[in-house]
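Everything below concerns the one structure shown next.
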Amino acid sequence: MRIRQHVNPNQLHFTRFRGERPPLDGRLVELEVGCADAQFLFERATVDPSRLYVGLEIREDLTILVNKRARSLGVPVHAVFCQAQLHVKELFTAGSVERVYVNFPDPWFKRRHHERRMVDDALAEQIAHALRPGGEVFVQSDVWEIALDAMSTFDSDARFENVAGEWTFWKQGNPYGVRSWREQNAEETGLPVWRIMYRRAMD
Ligand SMILES: C[S@@+](CC[C@H](N)C(=O)[O-])C[C@H]1O[C@@H](n2cnc3c(N)ncnc32)[C@H](O)[C@@H]1O
């Protein structure tokens, strides 16, 4: 299957939710926004198979591959084709998600493409809705500008508390015992990784 490298998330085509809803059934939910091959979630499912691992992904072909793999392995991973900045609220009731991962969002380096970046106030609004009070948001990037953008978005939003202190990166590494594909690649090629950890404040 040929997988597109990038898609423009602002296309009208993505406005309406057309994905397959995750099987929410009372298990604690961990959510990765922009999961690609969902390596991170497959590994999380090995660490703790009692939870449900939902990956949001705008490239539909990838969600098909992830779901096929999850079924064949019999693991609780489910990829949902959607535009995360628009559809998290459609998928999850308020406060129903335990933890959110934003691993290595696309950098969209060209200035005219900055509007395609995934972490913005719209995404923060969607996450603030879905995450339970006290639940974590973990952001990672190997691109300084993207890490700063994410910090600016979440630190400016009173619904999120920066666990390391205001406007401070998380310096204790990835505490979840698994790595995303991009994270593994960055570490193996010696790229720096900036991380930020937030907690959803009580309303
Ligand atoms: C650089 S990849 C990182 C994949 C994975 N998280 C990792 O760390 O290996 C970013 C992923 O986010 C997806 N993506 C970008 N914008 C999105 C959006 N608005 N909604 C859902 N997924 C998005 C892209 O298609 C891509 O697969």
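Residues in the structure tokens are named by chain (A, B, ... in the order shown) and by number from 1 within that chain; ligands are numbered from 1 in the order shown.
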
(message) Please return as a PyMOL selection string the residues found within 6 Å of ligand 1, counting only C-alpha atoms and all ligand atoms.
(response) chain A and resi 6+9+34-36+56-59+82-85+103-106+118+180-183

(message) Based on the backbone DSSP call, show me all residues of range 8-175 of chain A assigned alpha helix (DSSP H), as a ChimeraX atom specification.
(response) /A:39-47,60-73,84-91,121-130,144-155

Residues just named, written with C-alpha atoms as a JSON list (two decimals), in the first residue's frame:
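Written output follows (selection.json):
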```
[["chain", "number", "residue", "atom", "x", "y", "z"],
["A", 39, "GLN", "CA", 4.60, 1.99, 17.44],
["A", 40, "PHE", "CA", 4.28, 3.89, 20.73],
["A", 41, "LEU", "CA", 0.78, 2.53, 21.37],
["A", 42, "PHE", "CA", 1.61, -1.05, 20.38],
["A", 43, "GLU", "CA", 4.46, -0.96, 22.87],
["A", 44, "ARG", "CA", 2.25, 0.61, 25.57],
["A", 45, "ALA", "CA", -0.26, -2.19, 25.00],
["A", 46, "THR", "CA", 2.49, -4.71, 25.76],
["A", 47, "VAL", "CA", 3.39, -2.89, 28.99],
["A", 60, "GLU", "CA", -6.43, 7.02, 6.46],
["A", 61, "ASP", "CA", -4.24, 4.33, 4.89],
["A", 62, "LEU", "CA", -2.12, 4.24, 8.03],
["A", 63, "THR", "CA", -5.16, 3.72, 10.25],
["A", 64, "ILE", "CA", -6.16, 0.73, 8.12],
["A", 65, "LEU", "CA", -2.71, -0.82, 8.51],
["A", 66, "VAL", "CA", -2.61, -0.13, 12.26],
["A", 67, "ASN", "CA", -6.03, -1.67, 12.83],
["A", 68, "LYS", "CA", -5.18, -4.72, 10.73],
["A", 69, "ARG", "CA", -2.01, -5.24, 12.75],
["A", 70, "ALA", "CA", -3.85, -4.73, 16.06],
["A", 71, "ARG", "CA", -6.45, -7.34, 15.08],
["A", 72, "SER", "CA", -3.86, -9.87, 14.00],
["A", 73, "LEU", "CA", -1.88, -9.41, 17.24],
["A", 84, "ALA", "CA", -7.55, 15.76, 15.55],
["A", 85, "GLN", "CA", -7.97, 19.54, 15.81],
["A", 86, "LEU", "CA", -11.66, 19.07, 14.90],
["A", 87, "HIS", "CA", -12.76, 15.64, 16.04],
["A", 88, "VAL", "CA", -11.52, 14.71, 19.52],
["A", 89, "LYS", "CA", -14.72, 16.14, 21.04],
["A", 90, "GLU", "CA", -16.81, 13.98, 18.70],
["A", 91, "LEU", "CA", -15.01, 10.87, 19.85],
["A", 121, "ASP", "CA", -5.35, 26.42, 20.46],
["A", 122, "ALA", "CA", -7.89, 24.29, 18.60],
["A", 123, "LEU", "CA", -6.09, 21.08, 19.54],
["A", 124, "ALA", "CA", -5.62, 22.28, 23.14],
["A", 125, "GLU", "CA", -9.38, 22.92, 23.32],
["A", 126, "GLN", "CA", -10.12, 19.39, 22.09],
["A", 127, "ILE", "CA", -7.66, 17.82, 24.53],
["A", 128, "ALA", "CA", -8.92, 19.93, 27.46],
["A", 129, "HIS", "CA", -12.38, 18.51, 26.80],
["A", 130, "ALA", "CA", -11.39, 14.87, 26.59],
["A", 144, "TRP", "CA", 13.07, 23.32, 18.87],
["A", 145, "GLU", "CA", 10.56, 25.66, 17.24],
["A", 146, "ILE", "CA", 7.80, 23.06, 17.43],
["A", 147, "ALA", "CA", 8.55, 22.32, 21.08],
["A", 148, "LEU", "CA", 8.40, 26.05, 21.86],
["A", 149, "ASP", "CA", 5.13, 26.41, 19.95],
["A", 150, "ALA", "CA", 3.62, 23.58, 21.96],
["A", 151, "MET", "CA", 4.87, 25.12, 25.20],
["A", 152, "SER", "CA", 3.39, 28.45, 24.22],
["A", 153, "THR", "CA", 0.02, 26.84, 23.45],
["A", 154, "PHE", "CA", -0.32, 24.79, 26.64],
["A", 155, "ASP", "CA", 1.43, 27.12, 29.09]]
```

(request) Point out the residue among A:Phe92, A:Tyr176, A:Tyr198, A:Trp108 with the least atom-to-atom distance to Phe138 in chain A, counting only C-alpha atoms. (result)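 Distance minimum relative to Phe138 in chain A lands on A:Tyr198.
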
(request) Compare A:Trp167, A:Pro175, A:Leu28, A:Lys110 by their minimum atom-to-atom distance to Leu131 in chain A, counting only C-alpha atoms, and give me the closest one. (result)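 With only C-alpha atoms as the atom set, the closest residue is A:Leu28.
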
Find the nearest atom pair between each residue of range 65-147 of chain A and range 191-197 of chain A for residues within 7 Å, count only C-alpha atoms, give distances in Å to one decimal, sort rows by chain and ascending number, and present the table as a Markdown table.
```
| residue | atom | partner | partner_atom | distance |
| --- | --- | --- | --- | --- |
| A:Glu136 | CA | A:Met197 | CA | 6.9 |
| A:Val137 | CA | A:Met197 | CA | 5.8 |
| A:Phe138 | CA | A:Met197 | CA | 4.7 |
| A:Val139 | CA | A:Ile196 | CA | 5.2 |
| A:Gln140 | CA | A:Arg195 | CA | 4.5 |
| A:Ser141 | CA | A:Trp194 | CA | 5.4 |
| A:Asp142 | CA | A:Val193 | CA | 4.5 |
| A:Ala147 | CA | A:Trp194 | CA | 6.3 |
```

(request) Please report, as a PyMOL selection string, each residue of chain A to which DSSP assigns strand (DSSP E or B) when run on this structure's backbone. (result) chain A and resi 29-33+52-57+77-81+97-103+131-141+160-162+194-200

For C-alpha atoms, I'd like the residues from the last selection saved as an mmCIF file, in the first residue's frame.
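Output saved as out26.cif:
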```cif
data_model
loop_
_atom_site.group_PDB
_atom_site.id
_atom_site.type_symbol
_atom_site.label_atom_id
_atom_site.label_comp_id
_atom_site.auth_asym_id
_atom_site.auth_seq_id
_atom_site.Cartn_x
_atom_site.Cartn_y
_atom_site.Cartn_z
ATOM 1 C CA VAL A 29 -7.956 5.252 27.515
ATOM 2 C CA GLU A 30 -4.541 6.498 26.425
ATOM 3 C CA LEU A 31 -4.607 8.657 23.322
ATOM 4 C CA GLU A 32 -1.833 9.489 20.851
ATOM 5 C CA VAL A 33 -2.548 12.430 18.576
ATOM 6 C CA LEU A 52 -7.344 0.881 25.457
ATOM 7 C CA TYR A 53 -4.839 2.693 23.212
ATOM 8 C CA VAL A 54 -6.379 5.035 20.678
ATOM 9 C CA GLY A 55 -4.324 6.707 17.954
ATOM 10 C CA LEU A 56 -5.675 9.614 15.929
ATOM 11 C CA GLU A 57 -4.278 9.875 12.426
ATOM 12 C CA VAL A 77 -4.856 -0.630 19.909
ATOM 13 C CA HIS A 78 -7.299 1.254 17.699
ATOM 14 C CA ALA A 79 -6.436 3.909 15.118
ATOM 15 C CA VAL A 80 -9.060 6.464 14.137
ATOM 16 C CA PHE A 81 -8.964 8.341 10.846
ATOM 17 C CA VAL A 97 -9.337 10.076 28.563
ATOM 18 C CA GLU A 98 -6.613 9.162 31.027
ATOM 19 C CA ARG A 99 -3.538 10.428 29.191
ATOM 20 C CA VAL A 100 -2.661 12.157 25.903
ATOM 21 C CA TYR A 101 0.594 11.821 23.949
ATOM 22 C CA VAL A 102 1.646 14.291 21.287
ATOM 23 C CA ASN A 103 4.753 12.636 19.877
ATOM 24 C CA LEU A 131 -8.773 14.624 29.338
ATOM 25 C CA ARG A 132 -9.810 13.854 32.904
ATOM 26 C CA PRO A 133 -8.835 16.414 35.550
ATOM 27 C CA GLY A 134 -5.368 15.373 36.753
ATOM 28 C CA GLY A 135 -4.687 13.474 33.499
ATOM 29 C CA GLU A 136 -1.372 14.002 31.691
ATOM 30 C CA VAL A 137 -0.436 15.465 28.337
ATOM 31 C CA PHE A 138 3.064 14.509 27.197
ATOM 32 C CA VAL A 139 4.598 16.387 24.265
ATOM 33 C CA GLN A 140 7.847 15.457 22.520
ATOM 34 C CA SER A 141 9.665 16.970 19.562
ATOM 35 C CA PHE A 160 -3.065 22.877 31.738
ATOM 36 C CA GLU A 161 -0.379 22.945 34.458
ATOM 37 C CA ASN A 162 3.221 22.465 33.389
ATOM 38 C CA TRP A 194 12.514 18.350 23.930
ATOM 39 C CA ARG A 195 9.759 17.140 26.188
ATOM 40 C CA ILE A 196 6.992 18.866 28.135
ATOM 41 C CA MET A 197 4.597 17.320 30.632
ATOM 42 C CA TYR A 198 1.252 18.873 31.575
ATOM 43 C CA ARG A 199 -1.534 17.964 33.932
ATOM 44 C CA ARG A 200 -5.149 18.838 33.224
#
```

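In this structure, CA of Ser50 in chain A sits 12.4 Å away from CA of Gly74 in chain A.
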